[in-house]
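Structure data (PDB, C-alpha atoms and all ligand atoms) from model-v8.pdb:
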```
ATOM      1  CA  MET A   1     264.599 193.558 -15.596
ATOM      2  CA  ALA A   2     263.010 191.416 -18.308
ATOM      3  CA  TRP A   3     266.135 189.486 -19.198
ATOM      4  CA  ILE A   4     269.892 189.851 -19.543
ATOM      5  CA  ALA A   5     271.469 188.797 -22.834
ATOM      6  CA  GLY A   6     274.887 187.219 -23.062
ATOM      7  CA  GLU A   7     276.457 186.097 -26.304
ATOM      8  CA  ARG A   8     275.316 182.457 -25.966
ATOM      9  CA  VAL A   9     272.816 182.506 -23.124
ATOM     10  CA  ILE A  10     269.927 184.563 -21.822
ATOM     11  CA  LEU A  11     269.323 185.101 -18.120
ATOM     12  CA  ARG A  12     265.683 185.481 -17.137
ATOM     13  CA  ALA A  13     263.390 185.215 -14.118
ATOM     14  CA  TRP A  14     262.386 181.772 -12.856
ATOM     15  CA  GLU A  15     259.107 180.338 -14.167
ATOM     16  CA  ARG A  16     257.200 177.498 -12.556
ATOM     17  CA  GLU A  17     258.308 174.996 -15.249
ATOM     18  CA  ASP A  18     261.957 175.716 -14.384
ATOM     19  CA  ILE A  19     261.437 174.337 -10.891
ATOM     20  CA  ARG A  20     260.471 170.966 -12.379
ATOM     21  CA  ALA A  21     263.304 171.077 -14.955
ATOM     22  CA  ARG A  22     265.861 171.575 -12.196
ATOM     23  CA  TRP A  23     264.284 168.915 -10.004
ATOM     24  CA  GLU A  24     264.325 166.426 -12.911
ATOM     25  CA  ALA A  25     268.018 167.161 -13.493
ATOM     26  CA  ASP A  26     268.660 166.496  -9.807
ATOM     27  CA  GLN A  27     267.086 163.037 -10.091
ATOM     28  CA  THR A  28     269.806 161.928 -12.507
ATOM     29  CA  ALA A  29     272.636 164.015 -11.048
ATOM     30  CA  ASP A  30     276.108 162.546 -11.338
ATOM     31  CA  ALA A  31     278.568 162.387  -8.447
ATOM     32  CA  GLU A  32     280.208 165.686  -9.479
ATOM     33  CA  SER A  33     276.882 167.516  -9.452
ATOM     34  CA  GLN A  34     276.000 166.074  -6.076
ATOM     35  CA  ARG A  35     279.325 166.964  -4.520
ATOM     36  CA  LEU A  36     279.551 170.478  -5.997
ATOM     37  CA  GLY A  37     275.891 171.050  -5.221
ATOM     38  CA  ASP A  38     276.728 170.476  -1.565
ATOM     39  CA  TRP A  39     274.453 167.462  -1.255
ATOM     40  CA  HIS A  40     275.372 166.253   2.170
ATOM     41  CA  LYS A  41     271.662 165.778   2.646
ATOM     42  CA  PRO A  42     269.018 164.674   0.107
ATOM     43  CA  PRO A  43     267.946 167.413  -2.329
ATOM     44  CA  PRO A  44     264.588 169.087  -1.585
ATOM     45  CA  SER A  45     261.437 167.528  -2.991
ATOM     46  CA  LEU A  46     259.627 169.040  -5.983
ATOM     47  CA  LEU A  47     256.774 170.088  -3.715
ATOM     48  CA  SER A  48     259.006 171.942  -1.260
ATOM     49  CA  ARG A  49     260.812 173.690  -4.107
ATOM     50  CA  GLU A  50     257.518 174.801  -5.615
ATOM     51  CA  GLN A  51     256.334 176.045  -2.239
ATOM     52  CA  GLU A  52     259.594 177.940  -1.749
ATOM     53  CA  TRP A  53     259.210 179.501  -5.212
ATOM     54  CA  GLU A  54     255.615 180.541  -4.476
ATOM     55  CA  ALA A  55     256.696 182.146  -1.202
ATOM     56  CA  GLU A  56     259.414 184.089  -3.031
ATOM     57  CA  GLN A  57     256.867 185.320  -5.594
ATOM     58  CA  SER A  58     254.673 186.830  -2.891
ATOM     59  CA  GLU A  59     257.547 188.145  -0.766
ATOM     60  CA  PRO A  60     260.590 188.873  -2.961
ATOM     61  CA  ASP A  61     263.940 189.123  -1.192
ATOM     62  CA  ALA A  62     265.552 192.440  -2.190
ATOM     63  CA  SER A  63     269.016 191.148  -1.311
ATOM     64  CA  THR A  64     268.887 188.322  -3.888
ATOM     65  CA  VAL A  65     268.610 188.170  -7.692
ATOM     66  CA  SER A  66     268.242 184.600  -8.926
ATOM     67  CA  LEU A  67     267.971 183.946 -12.659
ATOM     68  CA  VAL A  68     267.629 180.947 -14.951
ATOM     69  CA  ILE A  69     270.325 180.404 -17.583
ATOM     70  CA  VAL A  70     268.700 179.648 -20.951
ATOM     71  CA  ALA A  71     270.720 178.217 -23.850
ATOM     72  CA  ASP A  72     269.237 177.162 -27.200
ATOM     73  CA  GLY A  73     265.799 177.876 -25.768
ATOM     74  CA  ARG A  74     266.217 175.450 -22.804
ATOM     75  CA  PRO A  75     266.774 176.164 -19.127
ATOM     76  CA  VAL A  76     270.242 174.761 -18.381
ATOM     77  CA  GLY A  77     271.133 176.223 -15.007
ATOM     78  CA  ASP A  78     270.774 179.076 -12.576
ATOM     79  CA  ILE A  79     272.876 181.991 -11.425
ATOM     80  CA  THR A  80     272.372 184.086  -8.309
ATOM     81  CA  LEU A  81     273.571 187.332  -6.823
ATOM     82  CA  PHE A  82     272.949 187.201  -3.095
ATOM     83  CA  GLN A  83     273.660 189.149   0.064
ATOM     84  CA  ILE A  84     273.415 192.273  -2.106
ATOM     85  CA  ASP A  85     274.294 195.295   0.010
ATOM     86  CA  PRO A  86     273.536 198.496  -1.939
ATOM     87  CA  ARG A  87     275.156 200.649   0.765
ATOM     88  CA  ILE A  88     278.638 199.207   0.342
ATOM     89  CA  ARG A  89     277.817 198.037  -3.218
ATOM     90  CA  HIS A  90     278.812 194.458  -2.483
ATOM     91  CA  ALA A  91     277.321 191.047  -3.381
ATOM     92  CA  LEU A  92     278.158 187.353  -3.646
ATOM     93  CA  ILE A  93     277.667 185.273  -6.795
ATOM     94  CA  GLY A  94     277.019 181.576  -7.375
ATOM     95  CA  LEU A  95     275.915 179.454 -10.321
ATOM     96  CA  SER A  96     275.287 175.919 -11.444
ATOM     97  CA  LEU A  97     274.656 174.197 -14.758
ATOM     98  CA  TRP A  98     272.245 171.435 -13.846
ATOM     99  CA  ARG A  99     273.351 168.678 -16.249
ATOM    100  CA  PRO A 100     276.893 167.437 -16.992
ATOM    101  CA  GLU A 101     276.217 167.441 -20.738
ATOM    102  CA  ASP A 102     275.629 171.213 -20.658
ATOM    103  CA  ARG A 103     279.010 171.932 -19.094
ATOM    104  CA  ASP A 104     282.133 172.917 -21.070
ATOM    105  CA  HIS A 105     280.107 174.618 -23.833
ATOM    106  CA  GLY A 106     280.884 178.155 -22.701
ATOM    107  CA  TYR A 107     277.456 178.709 -21.097
ATOM    108  CA  GLY A 108     278.820 179.229 -17.572
ATOM    109  CA  SER A 109     281.465 181.776 -18.608
ATOM    110  CA  ASP A 110     278.935 183.661 -20.728
ATOM    111  CA  ALA A 111     276.324 183.663 -17.950
ATOM    112  CA  ILE A 112     278.756 185.050 -15.360
ATOM    113  CA  ARG A 113     280.118 187.677 -17.742
ATOM    114  CA  ALA A 114     276.584 188.837 -18.600
ATOM    115  CA  LEU A 115     275.580 189.045 -14.938
ATOM    116  CA  LEU A 116     278.809 190.869 -14.055
ATOM    117  CA  ARG A 117     278.140 193.474 -16.762
ATOM    118  CA  TRP A 118     274.640 193.971 -15.411
ATOM    119  CA  SER A 119     275.768 194.008 -11.767
ATOM    120  CA  PHE A 120     278.624 196.473 -12.190
ATOM    121  CA  GLY A 121     276.751 198.546 -14.792
ATOM    122  CA  HIS A 122     273.030 198.610 -14.031
ATOM    123  CA  MET A 123     273.261 197.805 -10.305
ATOM    124  CA  ASN A 124     276.377 199.938  -9.810
ATOM    125  CA  LEU A 125     278.008 197.324  -7.562
ATOM    126  CA  HIS A 126     281.638 197.821  -6.613
ATOM    127  CA  ARG A 127     282.703 194.359  -5.504
ATOM    128  CA  ILE A 128     281.545 190.792  -6.136
ATOM    129  CA  GLU A 129     282.811 187.828  -4.188
ATOM    130  CA  LEU A 130     282.470 184.050  -4.417
ATOM    131  CA  ALA A 131     283.493 180.869  -2.682
ATOM    132  CA  VAL A 132     284.557 177.705  -4.478
ATOM    133  CA  ASP A 133     285.718 174.240  -3.462
ATOM    134  CA  ALA A 134     289.503 174.148  -3.898
ATOM    135  CA  THR A 135     289.247 170.979  -6.023
ATOM    136  CA  ASN A 136     286.755 172.518  -8.476
ATOM    137  CA  VAL A 137     289.433 173.265 -11.071
ATOM    138  CA  ARG A 138     287.044 174.030 -13.911
ATOM    139  CA  ALA A 139     285.113 176.633 -11.930
ATOM    140  CA  ILE A 140     288.356 178.177 -10.616
ATOM    141  CA  HIS A 141     289.682 178.408 -14.186
ATOM    142  CA  VAL A 142     286.484 180.166 -15.310
ATOM    143  CA  TYR A 143     286.577 182.647 -12.428
ATOM    144  CA  GLU A 144     290.275 183.429 -13.000
ATOM    145  CA  LYS A 145     289.584 183.898 -16.722
ATOM    146  CA  LEU A 146     286.917 186.470 -15.890
ATOM    147  CA  GLY A 147     289.309 188.389 -13.652
ATOM    148  CA  PHE A 148     288.432 187.155 -10.166
ATOM    149  CA  VAL A 149     291.392 187.465  -7.806
ATOM    150  CA  HIS A 150     292.298 184.847  -5.180
ATOM    151  CA  GLU A 151     291.699 186.388  -1.769
ATOM    152  CA  GLY A 152     291.826 183.551   0.699
ATOM    153  CA  ARG A 153     291.612 179.882   1.610
ATOM    154  CA  ARG A 154     289.374 178.537   4.314
ATOM    155  CA  ARG A 155     291.234 175.376   5.272
ATOM    156  CA  GLN A 156     289.274 172.143   5.808
ATOM    157  CA  HIS A 157     286.082 174.138   5.422
ATOM    158  CA  HIS A 158     283.688 171.291   4.657
ATOM    159  CA  PHE A 159     283.596 167.539   5.045
ATOM    160  CA  ASP A 160     282.527 165.405   2.126
ATOM    161  CA  ALA A 161     282.830 161.669   1.398
ATOM    162  CA  GLY A 162     285.194 161.199   4.300
ATOM    163  CA  ILE A 163     287.559 164.029   3.350
ATOM    164  CA  TYR A 164     287.949 167.625   4.461
ATOM    165  CA  HIS A 165     287.983 170.126   1.590
ATOM    166  CA  ASP A 166     289.453 173.612   1.512
ATOM    167  CA  GLU A 167     287.348 176.464   0.172
ATOM    168  CA  LEU A 168     288.812 179.360  -1.811
ATOM    169  CA  THR A 169     287.440 182.893  -1.715
ATOM    170  CA  MET A 170     287.790 185.105  -4.778
ATOM    171  CA  GLY A 171     286.760 188.680  -5.459
ATOM    172  CA  LEU A 172     286.375 191.086  -8.365
ATOM    173  CA  LEU A 173     286.164 194.897  -8.298
ATOM    174  CA  ASP A 174     284.248 196.961 -10.848
ATOM    175  CA  VAL A 175     287.385 198.721 -12.120
ATOM    176  CA  GLU A 176     289.139 195.388 -12.633
ATOM    177  CA  PHE A 177     286.159 194.013 -14.538
ATOM    178  CA  TRP A 178     285.799 196.988 -16.884
ATOM    179  CA  ALA A 179     289.546 197.002 -17.526
ATOM    180  CA  ALA A 180     289.515 193.315 -18.498
ATOM    181  CA  ASP A 181     286.110 193.141 -20.223
ATOM    182  CA  GLY A 182     286.593 192.557 -23.915
ATOM    183  CA  SER A 183     283.633 194.779 -24.825
ATOM    184  CA  GLY A 184     281.941 192.015 -26.779
ATOM    185  CA  PRO A 185     278.373 192.362 -28.049
ATOM    186  CA  GLY A 186     276.181 194.054 -25.474
ATOM    187  CA  ALA A 187     279.138 195.193 -23.394
ATOM    188  CA  THR A 188     278.164 198.811 -23.219
ATOM    189  CA  ARG A 189     279.680 200.468 -20.236
ATOM    190  CA  PRO A 190     277.260 202.893 -18.612
ATOM    191  CA  ASP A 191     278.345 206.534 -18.377
TER     192      ASP A 191
HETATM  193  C1  LIG B 201     281.565 175.638 -13.109
HETATM  194  C2  LIG B 201     280.576 175.869 -14.246
HETATM  195  C3  LIG B 201     279.559 176.936 -13.844
HETATM  196  C4  LIG B 201     281.377 176.386 -15.477
HETATM  197  O1  LIG B 201     280.505 176.573 -16.562
HETATM  198  P1  LIG B 201     280.840 175.838 -17.965
HETATM  199  O2  LIG B 201     279.842 176.289 -18.952
HETATM  200  O3  LIG B 201     280.939 174.372 -17.737
HETATM  201  O4  LIG B 201     282.271 176.416 -18.276
HETATM  202  P2  LIG B 201     282.775 177.019 -19.665
HETATM  203  O5  LIG B 201     282.471 176.054 -20.754
HETATM  204  O6  LIG B 201     282.263 178.395 -19.809
HETATM  205  O7  LIG B 201     284.346 177.106 -19.396
HETATM  206  C5  LIG B 201     285.034 175.987 -18.937
HETATM  207  C6  LIG B 201     286.509 176.314 -18.953
HETATM  208  O8  LIG B 201     287.154 175.442 -17.995
HETATM  209  C7  LIG B 201     288.126 174.657 -18.666
HETATM  210  N1  LIG B 201     288.171 173.373 -17.996
HETATM  211  C8  LIG B 201     287.304 172.352 -18.100
HETATM  212  N2  LIG B 201     287.694 171.341 -17.302
HETATM  213  C9  LIG B 201     288.824 171.763 -16.685
HETATM  214  C10 LIG B 201     289.715 171.155 -15.758
HETATM  215  N3  LIG B 201     289.501 169.927 -15.313
HETATM  216  N4  LIG B 201     290.779 171.876 -15.339
HETATM  217  C11 LIG B 201     291.012 173.140 -15.784
HETATM  218  N5  LIG B 201     290.192 173.751 -16.683
HETATM  219  C12 LIG B 201     289.129 173.061 -17.118
HETATM  220  C13 LIG B 201     287.662 174.606 -20.105
HETATM  221  O9  LIG B 201     288.724 174.313 -20.970
HETATM  222  C14 LIG B 201     287.161 176.036 -20.287
HETATM  223  O10 LIG B 201     288.243 176.900 -20.401
HETATM  224  P3  LIG B 201     288.359 178.008 -21.577
HETATM  225  O11 LIG B 201     287.125 178.836 -21.516
HETATM  226  O12 LIG B 201     289.608 178.780 -21.244
HETATM  227  O13 LIG B 201     288.445 177.263 -22.852
HETATM  228  C15 LIG B 201     279.829 174.553 -14.636
HETATM  229  O14 LIG B 201     280.761 173.616 -15.154
HETATM  230  C16 LIG B 201     279.060 173.938 -13.474
HETATM  231  O15 LIG B 201     277.929 174.316 -13.215
HETATM  232  N6  LIG B 201     279.678 172.943 -12.817
HETATM  233  C17 LIG B 201     279.025 172.213 -11.718
HETATM  234  C18 LIG B 201     278.607 173.092 -10.540
HETATM  235  C19 LIG B 201     279.706 174.032 -10.100
HETATM  236  O16 LIG B 201     280.875 173.676 -10.057
HETATM  237  N7  LIG B 201     279.316 175.262  -9.782
HETATM  238  C20 LIG B 201     280.246 176.273  -9.304
HETATM  239  C21 LIG B 201     280.329 176.206  -7.819
HETATM  240  S1  LIG B 201     281.403 177.471  -7.177
END
```
Would you kindly transcribe this structure into structure tokens?
Ligand SMILES: CC(C)(COP(=O)(O)OP(=O)(O)OC[C@H]1O[C@@H](n2cnc3c(N)ncnc32)[C@H](O)[C@@H]1OP(=O)(O)O)[C@@H](O)C(=O)NCCC(=O)NCCS
Amino acid sequence: MAWIAGERVILRAWEREDIRARWEADQTADAESQRLGDWHKPPPSLLSREQEWEAEQSEPDASTVSLVIVADGRPVGDITLFQIDPRIRHALIGLSLWRPEDRDHGYGSDAIRALLRWSFGHMNLHRIELAVDATNVRAIHVYEKLGFVHEGRRRQHHFDAGIYHDELTMGLLDVEFWAADGSGPGATRPD
């Protein structure tokens, strides 16, 4: 896959410069980014991220598709399908916009919708699942808007800044997605 086009963003493979762009964003990350990025330990160094990227280039992991979200020609975040199981047609999804100023512009919703179209269409997946901190109201709103259904609550799942946080699990089936998808530009359902 060369790239996946949404209406406002493009999803494409990671390039070396993206590793630095993400690392630079991490250096000025606000408290929200740190907490939602699960930073209970310091973020990895630029060198270790580059080494990890190089290792992935030589030995790609078939169960993961990780893409950079590009908006207005700039890398603004990343989105990943992981634990892809082609036998049961199941995967998990996660994403992050790296900088606070790039949030609330519709990029996240567009990126997920584009990857869902590709996952349920091109990859023929049947079910996609995610986990989200129960206090992450913006992300929960976005997932609900795209049709994800609440499936469970892992109580006091993680400990952050002296407080236990619940984690919600949500899931979306292919039939639910196609029924709700507004068939915007590029939303061609495969036969
Ligand atoms: C969560 C995230 C991916 C969403 O992407 P985004 O581009 O910021 O979101 P969008 O602009 O597409 O949509 C935001 C929606 O949430 C709504 N929203 C914003 N703040 C909100 C709040 N405090 N409560 C409820 N809804 C809120 C907006 O009004 C908008 O709704 P609308 O589309 O119905 O108008 C992005 O904000 C992000 O990366 N956040 C930090 C990391 C993170 O939380 N990752 C997800 C971990 S599971």
Would you compute an axis-aligned box for range 18-34 of chain A, covering every atom listed for it in the file with 8 Å of margin on each side, and report centre and edge lengths in Å to one decimal as AutoDock Vina command-line options?
```
--center_x 270.3 --center_y 168.8 --center_z -10.5 --size_x 35.7 --size_y 29.8 --size_z 24.9
```
Spatial neighbours of Pro75 in chain A, 8 Å, all atoms listed in the file, chain gap at least 4 places, as a ChimeraX atom specification: /A:18,21,68-71
Result set, the PyMOL selection byres (((chain A and resi 114) around 10) and not hetatm) on current file, as a PyMOL selection string: chain A and resi 4-11+108-113+115-119+186-187
Do you have, as JSON lines, the list of residues of chain A lying at most 10 Å from ligand LIG 201 (chain B), each with its nearest atom pair and that distance in Å to one decimal, counting only C-alpha atoms and all ligand atoms and ordered by chain then number?
```
{"residue": "A:Glu32", "atom": "CA", "partner": "B:LIG201", "partner_atom": "C17", "distance": 7.0}
{"residue": "A:Ser33", "atom": "CA", "partner": "B:LIG201", "partner_atom": "C17", "distance": 5.6}
{"residue": "A:Gln34", "atom": "CA", "partner": "B:LIG201", "partner_atom": "C18", "distance": 8.7}
{"residue": "A:Arg35", "atom": "CA", "partner": "B:LIG201", "partner_atom": "C18", "distance": 8.6}
{"residue": "A:Leu36", "atom": "CA", "partner": "B:LIG201", "partner_atom": "C18", "distance": 5.3}
{"residue": "A:Gly37", "atom": "CA", "partner": "B:LIG201", "partner_atom": "C18", "distance": 6.3}
{"residue": "A:Asp38", "atom": "CA", "partner": "B:LIG201", "partner_atom": "C21", "distance": 9.2}
{"residue": "A:Val76", "atom": "CA", "partner": "B:LIG201", "partner_atom": "O15", "distance": 9.3}
{"residue": "A:Gly77", "atom": "CA", "partner": "B:LIG201", "partner_atom": "O15", "distance": 7.3}
{"residue": "A:Asp78", "atom": "CA", "partner": "B:LIG201", "partner_atom": "O15", "distance": 8.6}
{"residue": "A:Ile79", "atom": "CA", "partner": "B:LIG201", "partner_atom": "C3", "distance": 8.7}
{"residue": "A:Ile93", "atom": "CA", "partner": "B:LIG201", "partner_atom": "S1", "distance": 8.7}
{"residue": "A:Gly94", "atom": "CA", "partner": "B:LIG201", "partner_atom": "S1", "distance": 6.0}
{"residue": "A:Leu95", "atom": "CA", "partner": "B:LIG201", "partner_atom": "N7", "distance": 5.4}
{"residue": "A:Ser96", "atom": "CA", "partner": "B:LIG201", "partner_atom": "O15", "distance": 3.6}
{"residue": "A:Leu97", "atom": "CA", "partner": "B:LIG201", "partner_atom": "O15", "distance": 3.6}
{"residue": "A:Trp98", "atom": "CA", "partner": "B:LIG201", "partner_atom": "O15", "distance": 6.4}
{"residue": "A:Arg99", "atom": "CA", "partner": "B:LIG201", "partner_atom": "O15", "distance": 7.9}
{"residue": "A:Pro100", "atom": "CA", "partner": "B:LIG201", "partner_atom": "C17", "distance": 7.4}
{"residue": "A:Glu101", "atom": "CA", "partner": "B:LIG201", "partner_atom": "O3", "distance": 8.9}
{"residue": "A:Asp102", "atom": "CA", "partner": "B:LIG201", "partner_atom": "O2", "distance": 6.8}
{"residue": "A:Arg103", "atom": "CA", "partner": "B:LIG201", "partner_atom": "O3", "distance": 3.4}
{"residue": "A:Asp104", "atom": "CA", "partner": "B:LIG201", "partner_atom": "O5", "distance": 3.2}
{"residue": "A:His105", "atom": "CA", "partner": "B:LIG201", "partner_atom": "O5", "distance": 4.1}
{"residue": "A:Gly106", "atom": "CA", "partner": "B:LIG201", "partner_atom": "O6", "distance": 3.2}
{"residue": "A:Tyr107", "atom": "CA", "partner": "B:LIG201", "partner_atom": "O2", "distance": 4.0}
{"residue": "A:Gly108", "atom": "CA", "partner": "B:LIG201", "partner_atom": "O1", "distance": 3.3}
{"residue": "A:Ser109", "atom": "CA", "partner": "B:LIG201", "partner_atom": "O6", "distance": 3.7}
{"residue": "A:Asp110", "atom": "CA", "partner": "B:LIG201", "partner_atom": "O6", "distance": 6.3}
{"residue": "A:Ala111", "atom": "CA", "partner": "B:LIG201", "partner_atom": "O6", "distance": 8.2}
{"residue": "A:Ile112", "atom": "CA", "partner": "B:LIG201", "partner_atom": "C3", "distance": 8.3}
{"residue": "A:Arg113", "atom": "CA", "partner": "B:LIG201", "partner_atom": "O6", "distance": 9.7}
{"residue": "A:Leu130", "atom": "CA", "partner": "B:LIG201", "partner_atom": "S1", "distance": 7.2}
{"residue": "A:Ala131", "atom": "CA", "partner": "B:LIG201", "partner_atom": "S1", "distance": 6.0}
{"residue": "A:Val132", "atom": "CA", "partner": "B:LIG201", "partner_atom": "S1", "distance": 4.2}
{"residue": "A:Asp133", "atom": "CA", "partner": "B:LIG201", "partner_atom": "S1", "distance": 6.5}
{"residue": "A:Ala134", "atom": "CA", "partner": "B:LIG201", "partner_atom": "S1", "distance": 9.3}
{"residue": "A:Thr135", "atom": "CA", "partner": "B:LIG201", "partner_atom": "N3", "distance": 9.4}
{"residue": "A:Asn136", "atom": "CA", "partner": "B:LIG201", "partner_atom": "O16", "distance": 6.2}
{"residue": "A:Val137", "atom": "CA", "partner": "B:LIG201", "partner_atom": "N4", "distance": 4.7}
{"residue": "A:Arg138", "atom": "CA", "partner": "B:LIG201", "partner_atom": "C12", "distance": 3.9}
{"residue": "A:Ala139", "atom": "CA", "partner": "B:LIG201", "partner_atom": "C1", "distance": 3.9}
{"residue": "A:Ile140", "atom": "CA", "partner": "B:LIG201", "partner_atom": "C1", "distance": 7.7}
{"residue": "A:His141", "atom": "CA", "partner": "B:LIG201", "partner_atom": "N5", "distance": 5.3}
{"residue": "A:Val142", "atom": "CA", "partner": "B:LIG201", "partner_atom": "C6", "distance": 5.3}
{"residue": "A:Tyr143", "atom": "CA", "partner": "B:LIG201", "partner_atom": "C1", "distance": 8.6}
{"residue": "A:Glu144", "atom": "CA", "partner": "B:LIG201", "partner_atom": "O12", "distance": 9.5}
{"residue": "A:Lys145", "atom": "CA", "partner": "B:LIG201", "partner_atom": "O12", "distance": 6.8}
{"residue": "A:Leu146", "atom": "CA", "partner": "B:LIG201", "partner_atom": "O11", "distance": 9.5}
{"residue": "A:Glu167", "atom": "CA", "partner": "B:LIG201", "partner_atom": "S1", "distance": 9.5}
{"residue": "A:Leu168", "atom": "CA", "partner": "B:LIG201", "partner_atom": "S1", "distance": 9.3}
{"residue": "A:Thr169", "atom": "CA", "partner": "B:LIG201", "partner_atom": "S1", "distance": 9.8}
```
Residues matched by the PyMOL selection byres (((chain A and resi 80-83) around 6) and not hetatm) as a PyMOL selection string: chain A and resi 63-66+79+84+91-94
CA of Phe159 in chain A to CA of His90 in chain A, straight-line distance in Å: 28.4 Å
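The environment of Glu176 in chain A within 10 Å, counting only C-alpha atoms and disregarding residues fewer than 2 places along the same chain, consists of His126, Arg127, Leu146, Gly147, Phe148, Val149, Leu172, Leu173, Asp174, Trp178, Ala179, Ala180 and Asp181 of chain A.
Atom pair CA of Glu50 in chain A / CA of Ile19 in chain A has a distance of 6.6 Å (rounded to one decimal).
You will find CA of Glu151 in chain A at 22.0 Å from CA of Arg87 in chain A.
Distances from A:Glu17, A:Asp72, A:Glu52, A:Asp85 to Leu125 in chain A were compared using all atoms listed in the file, and the smallest one belongs to A:Asp85.
Closest approach to Arg154 in chain A from the set A:Met170, A:Arg89, A:Ala2, A:Trp53 is made by A:Met170, with distances taken over all atoms listed in the file.
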